[in-house]
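Visitor: Pasting target.pdb below, which is PDB, C-alpha atoms.
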ATOM      1  CA  ARG A   1       0.000   0.000   0.000
ATOM      2  CA  ASN A   2       2.774   2.455   0.913
ATOM      3  CA  PHE A   3       4.553   1.785  -2.375
ATOM      4  CA  CYS A   4       1.333   2.357  -4.337
ATOM      5  CA  ASN A   5       0.902   5.648  -2.482
ATOM      6  CA  LYS A   6       4.357   6.657  -3.718
ATOM      7  CA  LEU A   7       3.363   5.834  -7.286
ATOM      8  CA  TRP A   8       0.167   7.869  -6.980
ATOM      9  CA  ASN A   9       1.874  10.856  -5.366
ATOM     10  CA  ALA A  10       4.542  10.938  -8.071
ATOM     11  CA  THR A  11       1.911  10.796 -10.820
ATOM     12  CA  ARG A  12      -0.236  13.411  -9.094
ATOM     13  CA  PHE A  13       2.802  15.710  -8.896
ATOM     14  CA  ALA A  14       3.211  15.291 -12.642
ATOM     15  CA  MET A  15      -0.480  15.932 -13.276
ATOM     16  CA  THR A  16      -0.215  19.178 -11.315
ATOM     17  CA  ASN A  17       2.984  20.429 -12.930
ATOM     18  CA  LEU A  18       2.539  19.150 -16.481
ATOM     19  CA  ALA A  19      -0.862  20.672 -17.117
ATOM     20  CA  ALA A  20      -2.145  21.503 -20.603
ATOM     21  CA  PRO A  21      -0.909  22.687 -23.042
ATOM     22  CA  PHE A  22       2.117  20.516 -22.102
ATOM     23  CA  GLU A  23       3.141  18.049 -24.798
ATOM     24  CA  PRO A  24       6.318  16.005 -24.253
ATOM     25  CA  ARG A  25       9.117  16.303 -26.754
ATOM     26  CA  GLY A  26      11.429  13.491 -27.784
ATOM     27  CA  VAL A  27      13.878  12.470 -25.126
ATOM     28  CA  ASP A  28      16.700  12.493 -27.698
ATOM     29  CA  THR A  29      16.376  16.275 -27.951
ATOM     30  CA  LEU A  30      16.756  16.540 -24.185
ATOM     31  CA  MET A  31      20.194  14.930 -24.111
ATOM     32  CA  THR A  32      21.670  17.849 -26.079
ATOM     33  CA  ASP A  33      19.666  20.553 -24.310
ATOM     34  CA  PRO A  34      22.014  23.011 -22.532
ATOM     35  CA  ASN A  35      19.354  23.457 -19.831
ATOM     36  CA  LEU A  36      19.588  19.787 -18.808
ATOM     37  CA  ALA A  37      20.824  20.003 -15.206
ATOM     38  CA  THR A  38      22.979  17.472 -13.376
ATOM     39  CA  ARG A  39      19.903  16.265 -11.464
ATOM     40  CA  ASP A  40      18.166  15.590 -14.809
ATOM     41  CA  ARG A  41      21.136  13.694 -16.211
ATOM     42  CA  PHE A  42      21.311  11.714 -12.970
ATOM     43  CA  ILE A  43      17.708  10.478 -13.075
ATOM     44  CA  LEU A  44      17.957   9.610 -16.785
ATOM     45  CA  SER A  45      21.129   7.651 -16.126
ATOM     46  CA  ARG A  46      19.569   5.824 -13.183
ATOM     47  CA  LEU A  47      16.496   5.094 -15.340
ATOM     48  CA  ALA A  48      18.727   3.663 -18.070
ATOM     49  CA  GLN A  49      20.531   1.466 -15.525
ATOM     50  CA  THR A  50      17.135   0.262 -14.274
ATOM     51  CA  VAL A  51      15.999  -0.597 -17.813
ATOM     52  CA  CYS A  52      19.150  -2.679 -18.286
ATOM     53  CA  ALA A  53      18.703  -4.379 -14.908
ATOM     54  CA  CYS A  54      15.077  -5.256 -15.717
ATOM     55  CA  ASP A  55      16.094  -6.688 -19.085
ATOM     56  CA  THR A  56      18.723  -8.871 -17.403
ATOM     57  CA  ALA A  57      16.272  -9.974 -14.733
ATOM     58  CA  PHE A  58      13.676 -11.064 -17.298
ATOM     59  CA  ARG A  59      16.249 -12.938 -19.371
ATOM     60  CA  GLU A  60      17.461 -14.785 -16.251
ATOM     61  CA  TYR A  61      13.962 -15.283 -14.793
ATOM     62  CA  ASN A  62      15.249 -13.449 -11.715
ATOM     63  CA  PHE A  63      12.049 -11.823 -10.516
ATOM     64  CA  GLY A  64      13.537 -10.937  -7.152
ATOM     65  CA  LEU A  65      16.115  -8.728  -8.893
ATOM     66  CA  LEU A  66      13.372  -7.258 -11.084
ATOM     67  CA  THR A  67      11.283  -6.308  -8.067
ATOM     68  CA  SER A  68      14.141  -4.890  -6.015
ATOM     69  CA  CYS A  69      15.616  -2.723  -8.776
ATOM     70  CA  LEU A  70      12.218  -1.218  -9.655
ATOM     71  CA  HIS A  71      11.412  -0.639  -5.980
ATOM     72  CA  ALA A  72      14.779   1.075  -5.456
ATOM     73  CA  PHE A  73      14.423   3.304  -8.520
ATOM     74  CA  TRP A  74      10.906   4.503  -7.678
ATOM     75  CA  LEU A  75      11.579   5.115  -3.998
ATOM     76  CA  TYR A  76      15.199   6.163  -3.656
ATOM     77  CA  ASP A  77      15.993   7.801  -6.985
ATOM     78  CA  LEU A  78      12.738   9.175  -8.377
ATOM     79  CA  CYS A  79      10.509   9.985  -5.381
ATOM     80  CA  ASP A  80      12.982  10.687  -2.558
ATOM     81  CA  VAL A  81      15.524  12.601  -4.648
ATOM     82  CA  TYR A  82      14.485  13.792  -8.094
ATOM     83  CA  LEU A  83      10.931  14.906  -7.313
ATOM     84  CA  GLU A  84      12.151  16.833  -4.278
ATOM     85  CA  LEU A  85      14.935  18.497  -6.264
ATOM     86  CA  ILE A  86      12.716  19.762  -9.069
ATOM     87  CA  LYS A  87      10.045  21.298  -6.844
ATOM     88  CA  PRO A  88      11.852  24.674  -6.714
ATOM     89  CA  VAL A  89      12.369  24.455 -10.489
ATOM     90  CA  MET A  90       8.637  23.955 -11.044
ATOM     91  CA  TYR A  91       7.671  26.830  -8.778
ATOM     92  CA  GLU A  92      10.299  29.384  -9.920
ATOM     93  CA  SER A  93       9.540  30.813 -13.353
ATOM     94  CA  SER A  94      10.383  34.487 -13.106
ATOM     95  CA  THR A  95      13.012  34.652 -15.869
ATOM     96  CA  PRO A  96      13.433  33.104 -19.341
ATOM     97  CA  GLU A  97      16.257  30.972 -17.945
ATOM     98  CA  ASP A  98      13.964  29.652 -15.197
ATOM     99  CA  LEU A  99      11.288  28.810 -17.760
ATOM    100  CA  ALA A 100      13.805  26.974 -19.961
ATOM    101  CA  ARG A 101      15.043  24.881 -17.025
ATOM    102  CA  LYS A 102      11.449  24.192 -15.988
ATOM    103  CA  GLU A 103      10.477  23.008 -19.481
ATOM    104  CA  CYS A 104      13.487  20.708 -19.560
ATOM    105  CA  SER A 105      12.722  19.205 -16.143
ATOM    106  CA  GLN A 106       9.046  18.796 -17.081
ATOM    107  CA  ASN A 107      10.032  16.643 -20.034
ATOM    108  CA  VAL A 108      12.509  14.615 -18.007
ATOM    109  CA  LEU A 109       9.822  14.014 -15.376
ATOM    110  CA  TYR A 110       7.314  12.896 -18.009
ATOM    111  CA  HIS A 111       9.712  10.430 -19.642
ATOM    112  CA  ALA A 112      10.929   9.114 -16.292
ATOM    113  CA  LEU A 113       7.361   8.327 -15.218
ATOM    114  CA  ASP A 114       6.374   6.919 -18.622
ATOM    115  CA  PHE A 115       9.347   4.547 -18.716
ATOM    116  CA  ALA A 116       9.091   3.623 -15.036
ATOM    117  CA  LEU A 117       5.385   2.770 -15.284
ATOM    118  CA  ARG A 118       5.964   0.626 -18.377
ATOM    119  CA  LEU A 119       8.818  -1.157 -16.592
ATOM    120  CA  LEU A 120       6.591  -1.855 -13.606
ATOM    121  CA  HIS A 121       3.489  -2.889 -15.587
ATOM    122  CA  PRO A 122       4.125  -6.677 -15.710
ATOM    123  CA  LEU A 123       4.329  -6.751 -11.900
ATOM    124  CA  MET A 124       1.509  -4.303 -11.102
ATOM    125  CA  PRO A 125      -0.761  -4.226 -14.174
ATOM    126  CA  PHE A 126      -3.861  -2.516 -12.816
ATOM    127  CA  VAL A 127      -2.385   0.438 -10.928
ATOM    128  CA  THR A 128       0.187   1.159 -13.653
ATOM    129  CA  GLU A 129      -2.540   1.180 -16.322
ATOM    130  CA  GLU A 130      -4.587   3.642 -14.302
ATOM    131  CA  LEU A 131      -1.649   5.949 -13.609
ATOM    132  CA  TRP A 132      -0.291   5.758 -17.161
ATOM    133  CA  GLN A 133      -3.662   6.825 -18.507
ATOM    134  CA  ARG A 134      -3.540   9.872 -16.238
ATOM    135  CA  LEU A 135      -0.181  11.105 -17.499
ATOM    136  CA  PRO A 136      -0.491  14.436 -19.328
ATOM    137  CA  GLY A 137       0.066  14.634 -23.065
ATOM    138  CA  THR A 138      -0.656  12.104 -25.782
ATOM    139  CA  ARG A 139       0.777   8.601 -26.029
ATOM    140  CA  PRO A 140       1.447   6.400 -29.085
ATOM    141  CA  CYS A 141      -1.099   3.724 -28.105
ATOM    142  CA  GLU A 142      -4.325   3.489 -26.141
ATOM    143  CA  SER A 143      -3.184   1.157 -23.360
ATOM    144  CA  ILE A 144      -0.002   0.457 -21.434
ATOM    145  CA  MET A 145      -0.687  -3.244 -22.090
ATOM    146  CA  ILE A 146       0.267  -2.821 -25.734
ATOM    147  CA  ALA A 147       2.907  -0.135 -25.200
ATOM    148  CA  GLU A 148       6.458  -1.143 -26.036
ATOM    149  CA  TYR A 149       8.423  -2.450 -23.056
ATOM    150  CA  PRO A 150      11.591  -0.354 -22.557
ATOM    151  CA  GLN A 151      14.722  -1.940 -24.026
ATOM    152  CA  PRO A 152      18.404  -1.234 -23.218
ATOM    153  CA  SER A 153      18.933  -0.075 -26.807
ATOM    154  CA  ASP A 154      16.359   2.679 -26.211
ATOM    155  CA  VAL A 155      18.397   4.227 -23.388
ATOM    156  CA  ALA A 156      22.004   3.361 -24.228
ATOM    157  CA  ASP A 157      22.967   7.020 -24.606
ATOM    158  CA  TRP A 158      21.492   7.981 -21.228
ATOM    159  CA  VAL A 159      23.964   6.104 -19.035
ATOM    160  CA  ASN A 160      26.448   8.506 -17.465
ATOM    161  CA  GLU A 161      28.674   6.909 -14.827
ATOM    162  CA  THR A 162      30.493  10.172 -14.140
ATOM    163  CA  VAL A 163      27.274  12.015 -13.310
ATOM    164  CA  GLU A 164      26.153   9.173 -11.028
ATOM    165  CA  GLN A 165      29.489   9.140  -9.187
ATOM    166  CA  ASN A 166      29.464  12.913  -8.801
ATOM    167  CA  PHE A 167      25.870  12.880  -7.591
ATOM    168  CA  ALA A 168      26.738  10.129  -5.108
ATOM    169  CA  LEU A 169      29.216  12.532  -3.472
ATOM    170  CA  THR A 170      26.557  15.243  -3.310
ATOM    171  CA  ARG A 171      24.110  12.782  -1.724
ATOM    172  CA  ASP A 172      26.716  11.748   0.869
ATOM    173  CA  VAL A 173      27.259  15.403   1.792
ATOM    174  CA  ILE A 174      23.487  15.968   1.984
ATOM    175  CA  HIS A 175      23.118  12.932   4.251
ATOM    176  CA  LYS A 176      25.818  14.227   6.609
ATOM    177  CA  ALA A 177      24.267  17.697   6.662
ATOM    178  CA  ARG A 178      20.825  16.303   7.516
ATOM    179  CA  SER A 179      22.382  14.166  10.233
ATOM    180  CA  LEU A 180      24.049  17.258  11.690
ATOM    181  CA  LYS A 181      20.706  19.064  11.922
ATOM    182  CA  SER A 182      19.204  16.032  13.630
ATOM    183  CA  GLU A 183      22.183  15.553  15.943
ATOM    184  CA  TYR A 184      21.845  19.106  17.253
ATOM    185  CA  ASN A 185      18.038  18.846  17.486
ATOM    186  CA  LEU A 186      17.455  21.855  15.246
ATOM    187  CA  ALA A 187      13.804  22.560  14.510
ATOM    188  CA  PRO A 188      12.745  21.836  10.898
ATOM    189  CA  ARG A 189      11.806  25.496  10.402
ATOM    190  CA  LEU A 190      15.437  26.568  11.017
ATOM    191  CA  THR A 191      17.657  27.059   7.971
ATOM    192  CA  PRO A 192      21.227  27.266   9.272
ATOM    193  CA  ASP A 193      24.155  28.206   7.085
ATOM    194  CA  PHE A 194      26.465  25.426   5.901
ATOM    195  CA  TYR A 195      30.107  25.328   4.852
ATOM    196  CA  ILE A 196      31.412  22.408   2.774
ATOM    197  CA  TRP A 197      35.179  22.060   3.031
ATOM    198  CA  CYS A 198      37.067  20.291   0.230
ATOM    199  CA  GLU A 199      40.726  19.463  -0.155
ATOM    200  CA  ASP A 200      40.851  19.048  -3.934
ATOM    201  CA  GLU A 201      39.520  21.039  -6.860
ATOM    202  CA  ALA A 202      37.572  18.129  -8.398
ATOM    203  CA  GLN A 203      35.343  17.738  -5.333
ATOM    204  CA  HIS A 204      35.032  21.502  -5.074
ATOM    205  CA  ALA A 205      33.702  21.709  -8.655
ATOM    206  CA  ILE A 206      31.249  18.823  -8.116
ATOM    207  CA  LEU A 207      29.823  20.238  -4.889
ATOM    208  CA  THR A 208      29.674  23.805  -6.208
ATOM    209  CA  ASP A 209      27.523  22.502  -9.054
ATOM    210  CA  GLY A 210      25.296  20.751  -6.487
ATOM    211  CA  VAL A 211      24.766  23.684  -4.103
ATOM    212  CA  THR A 212      21.171  24.308  -5.235
ATOM    213  CA  ASP A 213      20.275  20.644  -4.748
ATOM    214  CA  PHE A 214      22.010  20.640  -1.363
ATOM    215  CA  ARG A 215      20.057  23.683  -0.200
ATOM    216  CA  THR A 216      16.774  22.129  -1.388
ATOM    217  CA  LEU A 217      17.137  18.744   0.312
ATOM    218  CA  VAL A 218      18.814  19.988   3.501
ATOM    219  CA  LYS A 219      16.602  23.086   3.846
ATOM    220  CA  ALA A 220      19.692  25.181   4.399
ATOM    221  CA  GLY A 221      20.340  28.897   4.444
ATOM    222  CA  ALA A 222      23.499  30.177   2.784
ATOM    223  CA  VAL A 223      25.827  27.434   1.518
ATOM    224  CA  SER A 224      29.530  28.013   0.863
ATOM    225  CA  VAL A 225      31.886  25.475  -0.719
ATOM    226  CA  LEU A 226      35.401  26.060   0.585
ATOM    227  CA  LEU A 227      38.590  24.937  -1.133
ATOM    228  CA  ASN A 228      41.239  24.471   1.577
ATOM    229  CA  GLU A 229      39.743  27.419   3.436
ATOM    230  CA  ALA A 230      38.829  27.289   7.118
ATOM    231  CA  ALA A 231      35.192  27.437   8.151
ATOM    232  CA  PRO A 232      34.264  30.241  10.586
ATOM    233  CA  ASP A 233      34.073  29.760  14.350
ATOM    234  CA  GLY A 234      30.816  28.545  15.855
ATOM    235  CA  CYS A 235      30.316  25.523  13.613
ATOM    236  CA  GLY A 236      29.645  21.849  14.204
ATOM    237  CA  VAL A 237      31.365  19.453  11.820
ATOM    238  CA  SER A 238      30.901  16.014  10.284
ATOM    239  CA  MET A 239      33.419  14.198   8.094
ATOM    240  CA  VAL A 240      32.111  12.897   4.766
ATOM    241  CA  ASN A 241      35.522  11.479   3.858
ATOM    242  CA  PRO A 242      39.103  12.475   4.680
ATOM    243  CA  THR A 243      39.048  15.206   1.997
ATOM    244  CA  CYS A 244      35.523  16.553   2.534
ATOM    245  CA  HIS A 245      33.894  17.871   5.723
ATOM    246  CA  VAL A 246      30.514  19.515   6.333
ATOM    247  CA  TYR A 247      30.187  22.419   8.807
ATOM    248  CA  ILE A 248      26.923  23.768  10.200
ATOM    249  CA  MET A 249      26.726  27.235  11.759
ATOM    250  CA  LEU A 250      25.371  26.804  15.276
ATOM    251  CA  ARG A 251      26.154  30.115  16.933
ATOM    252  CA  GLY A 252      22.973  31.379  18.548
ATOM    253  CA  MET A 253      21.083  28.141  17.891
ATOM    254  CA  ILE A 254      22.304  25.744  20.590
ATOM    255  CA  ASP A 255      23.677  25.483  24.132
ATOM    256  CA  ALA A 256      27.445  25.555  23.491
ATOM    257  CA  ALA A 257      28.417  24.267  26.956
ATOM    258  CA  ALA A 258      26.174  21.218  26.578
ATOM    259  CA  GLU A 259      27.665  20.465  23.161
ATOM    260  CA  VAL A 260      31.182  20.613  24.617
ATOM    261  CA  GLY A 261      30.165  17.947  27.103
ATOM    262  CA  LYS A 262      28.784  15.703  24.337
ATOM    263  CA  LEU A 263      31.893  16.117  22.219
ATOM    264  CA  GLU A 264      34.215  15.405  25.144
ATOM    265  CA  LYS A 265      32.384  12.107  25.799
ATOM    266  CA  LYS A 266      32.674  11.169  22.136
ATOM    267  CA  LEU A 267      36.351  12.167  22.103
ATOM    268  CA  ALA A 268      37.018   9.955  25.139
ATOM    269  CA  GLN A 269      35.267   7.026  23.437
ATOM    270  CA  VAL A 270      37.236   7.365  20.189
ATOM    271  CA  THR A 271      40.477   7.851  22.102
ATOM    272  CA  ARG A 272      39.862   4.628  24.067
ATOM    273  CA  SER A 273      39.188   2.733  20.853
ATOM    274  CA  LYS A 274      42.355   4.101  19.271
ATOM    275  CA  THR A 275      44.463   3.255  22.329
ATOM    276  CA  SER A 276      43.039  -0.277  22.422
ATOM    277  CA  LEU A 277      43.849  -0.843  18.751
ATOM    278  CA  GLU A 278      47.364   0.582  19.162
ATOM    279  CA  THR A 279      47.941  -1.748  22.114
ATOM    280  CA  ARG A 280      46.832  -4.757  20.084
ATOM    281  CA  ARG A 281      49.067  -3.796  17.170
ATOM    282  CA  SER A 282      52.069  -3.377  19.469
ATOM    283  CA  GLN A 283      51.970  -6.995  20.686
ATOM    284  CA  ASP A 284      54.892  -9.198  19.624
ATOM    285  CA  THR A 285      52.684 -11.727  17.843
ATOM    286  CA  TYR A 286      50.619  -9.197  15.890
ATOM    287  CA  LEU A 287      52.775  -9.154  12.744
ATOM    288  CA  THR A 288      53.143 -12.941  12.607
ATOM    289  CA  LYS A 289      49.659 -14.128  13.567
ATOM    290  CA  VAL A 290      47.304 -11.473  12.215
ATOM    291  CA  PRO A 291      46.433 -11.816   8.481
ATOM    292  CA  GLN A 292      47.802  -9.120   6.195
ATOM    293  CA  ASN A 293      44.361  -7.889   5.128
ATOM    294  CA  VAL A 294      43.368  -7.406   8.798
ATOM    295  CA  GLN A 295      46.599  -5.505   9.468
ATOM    296  CA  GLU A 296      45.822  -3.186   6.543
ATOM    297  CA  ALA A 297      42.261  -2.689   7.791
ATOM    298  CA  ASP A 298      43.543  -1.863  11.286
ATOM    299  CA  ALA A 299      45.978   0.680   9.846
ATOM    300  CA  GLY A 300      43.079   2.326   8.001
ATOM    301  CA  LYS A 301      40.986   2.385  11.175
ATOM    302  CA  LEU A 302      43.823   4.065  13.076
ATOM    303  CA  GLU A 303      44.158   6.733  10.411
ATOM    304  CA  THR A 304      40.398   7.374  10.420
ATOM    305  CA  MET A 305      40.274   7.566  14.231
ATOM    306  CA  ALA A 306      43.234   9.956  14.295
ATOM    307  CA  THR A 307      41.430  12.225  11.835
ATOM    308  CA  GLU A 308      38.213  12.010  13.868
ATOM    309  CA  ILE A 309      40.059  12.868  17.093
ATOM    310  CA  GLY A 310      41.554  15.932  15.422
ATOM    311  CA  ASN A 311      38.119  17.016  14.197
ATOM    312  CA  LEU A 312      36.561  16.494  17.637
ATOM    313  CA  GLU A 313      39.302  18.483  19.378
ATOM    314  CA  ALA A 314      38.857  21.302  16.867
ATOM    315  CA  ALA A 315      35.068  21.217  17.366
ATOM    316  CA  ILE A 316      35.453  21.348  21.157
ATOM    317  CA  ALA A 317      37.709  24.379  20.812
ATOM    318  CA  ARG A 318      35.162  26.105  18.579
ATOM    319  CA  PHE A 319      32.292  25.480  20.987
ATOM    320  CA  GLN A 320      34.377  26.601  23.952
ATOM    321  CA  SER A 321      34.942  29.874  22.150
ATOM    322  CA  MET A 322      31.139  30.222  21.827
ATOM    323  CA  ALA A 323      30.305  29.451  25.464
TER     324      ALA A 323
END
What does this structure look like when you write it as structure tokens?
Guide:
Amino acid sequence: RNFCNKLWNATRFAMTNLAAPFEPRGVDTLMTDPNLATRDRFILSRLAQTVCACDTAFREYNFGLLTSCLHAFWLYDLCDVYLELIKPVMYESSTPEDLARKECSQNVLYHALDFALRLLHPLMPFVTEELWQRLPGTRPCESIMIAEYPQPSDVADWVNETVEQNFALTRDVIHKARSLKSEYNLAPRLTPDFYIWCEDEAQHAILTDGVTDFRTLVKAGAVSVLLNEAAPDGCGVSMVNPTCHVYIMLRGMIDAAAEVGKLEKKLAQVTRSKTSLETRRSQDTYLTKVPQNVQEADAGKLETMATEIGNLEAAIARFQSMA
């Protein structure tokens, strides 16, 4: 039932935002459209990967794979991410550039739903027929039952591994930022400022391109992407990876003294874990009895814990300056 609600809500969103006189244009024209945003390329690439996965599943009679890949696409790519990201695009149409981006996203949304419903039809024939009939615009046949089932050859040009990898980094940063807001118990109505620190120019370019999407999904205020530049005092921090950290401005929003206490407890816990691992690695039999892959994993854990300790100590110092 919950999954069917997702299908209906996605289709209803399209019905609301693709009202007449909307008529979809060919998806091939979209791929060369300069207004095609990274979020649009991402969902088309994920749709193409899903088409290929469904084709493989049918050929191998692997209906578990078929179900799981369609479930994942609808929930985690289309509904939870893409629909949320294009809401500001649909509602902002004050300039010709806004209107061009909106028209592009409208067409991507239409084709994503059309393909996704046709992919799902063999598993859920009745609800997909009903929703497909409600899609705006005209279709090449009168029923989804006789519509062509999507084939990998139809979407071969849509796959873009680079866009998916880049978007995965943006999603990781968004996840950490949301976790920070939850960790500090900030009310949903609050829109704190965020600072995303990067060590290399490639990540900086990727995350700068994704700032609008970050602000939309995190419900953030001002967002700055910093290249080897320190974040201001008064921030909480979370490490995405060793070369990317997320900072949230907390000055005036939280009890600084209480946060120092929380961070000191966490610092003590990580320090104990690091000391315990160092003690184990210093034993005489460690190098001879412990497998090489475990030794390498332990070395990685030590490096990660050392980085985390440094971040915690820096965070404690920042909060102490706020108290």
Visitor: What's the separation between atom CA of Leu18 of chain A and atom CA of Pro136 of chain A, in Å to one decimal place?
Guide: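 According to the coordinates, atom CA of Leu18 of chain A and atom CA of Pro136 of chain A are separated by 6.3 Å.
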Visitor: Just say which residues the PyMOL selection byres ((chain A and resi 119) around 10) picks in this file, as a ChimeraX atom specification.
Guide: /A:47,50-51,54-55,66,70,113-118,120-124,128,148-151
Visitor: Skipping near chain neighbours, those fewer than 2 positions away, what residues fall within 10 Å of Leu85 of chain A using all atoms listed in the file, listed as a ChimeraX atom specification?
Guide: /A:39-40,78-83,87-90,212-217
Visitor: For the residues selected in the previous step, produce a file with C-alpha atoms as an mmCIF file, in the frame of the given file.
Guide:
data_model
loop_
_atom_site.group_PDB
_atom_site.id
_atom_site.type_symbol
_atom_site.label_atom_id
_atom_site.label_comp_id
_atom_site.auth_asym_id
_atom_site.auth_seq_id
_atom_site.Cartn_x
_atom_site.Cartn_y
_atom_site.Cartn_z
ATOM 1 C CA ARG A 39 19.903 16.265 -11.464
ATOM 2 C CA ASP A 40 18.166 15.590 -14.809
ATOM 3 C CA LEU A 78 12.738 9.175 -8.377
ATOM 4 C CA CYS A 79 10.509 9.985 -5.381
ATOM 5 C CA ASP A 80 12.982 10.687 -2.558
ATOM 6 C CA VAL A 81 15.524 12.601 -4.648
ATOM 7 C CA TYR A 82 14.485 13.792 -8.094
ATOM 8 C CA LEU A 83 10.931 14.906 -7.313
ATOM 9 C CA LYS A 87 10.045 21.298 -6.844
ATOM 10 C CA PRO A 88 11.852 24.674 -6.714
ATOM 11 C CA VAL A 89 12.369 24.455 -10.489
ATOM 12 C CA MET A 90 8.637 23.955 -11.044
ATOM 13 C CA THR A 212 21.171 24.308 -5.235
ATOM 14 C CA ASP A 213 20.275 20.644 -4.748
ATOM 15 C CA PHE A 214 22.010 20.640 -1.363
ATOM 16 C CA ARG A 215 20.057 23.683 -0.200
ATOM 17 C CA THR A 216 16.774 22.129 -1.388
ATOM 18 C CA LEU A 217 17.137 18.744 0.312
#
Visitor: Determine, counting only C-alpha atoms, which protein, DNA and RNA residues have an atom within 8 Å of an atom of Asn35 of chain A; residues of the same chain fewer than 6 positions away are not included. Present the result as a list in words.
Guide: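 Listed by chain and then number, they are Ala100, Arg101 and Cys104 of chain A.
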Visitor: Give the answer as one residue: which of A:Leu312, A:Ala222, A:Leu207, A:Ile43 has the shortest atom-to-atom distance to Lys262 of chain A, using only C-alpha atoms?
Guide: A:Leu312
Visitor: Listed atoms of segment 220-235 of chain A, axis-aligned box, 4 Å per side: centre and edge lengths to one decimal in Å, as lines of an AutoDock Vina configuration file?
Guide:
center_x = 30.5
center_y = 27.4
center_z = 7.4
size_x = 29.5
size_y = 13.8
size_z = 25.0
Visitor: Pick out the residues sitting within 10 Å of Cys235 of chain A, and hand them over as a list in words; count all atoms listed in the file, and ignore anything fewer than 2 positions along from it in its own chain.
Guide: Asp193, Phe194, Tyr195, Ala231, Pro232, Asp233, Val237, Val246, Tyr247, Ile248, Met249, Leu250, Arg251, Ala315, Arg318, Phe319 and Met322 of chain A
Visitor: Looking at only C-alpha atoms, which of A:Thr208, A:Thr29, A:Ser238, A:Thr304 is the one that sits closest to Ser224 of chain A?
Guide: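 Checking each candidate against Ser224 of chain A, we get A:Thr208 as the closest.
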Visitor: Identify, on the basis of only C-alpha atoms, every residue whose closest approach to Thr275 of chain A does not exceed 12 Å; exclude the query and any residue fewer than 4 positions from it along the same chain; express the result as a PyMOL selection string.
Guide: chain A and resi 268-271+279-282+301-302+305-306+309
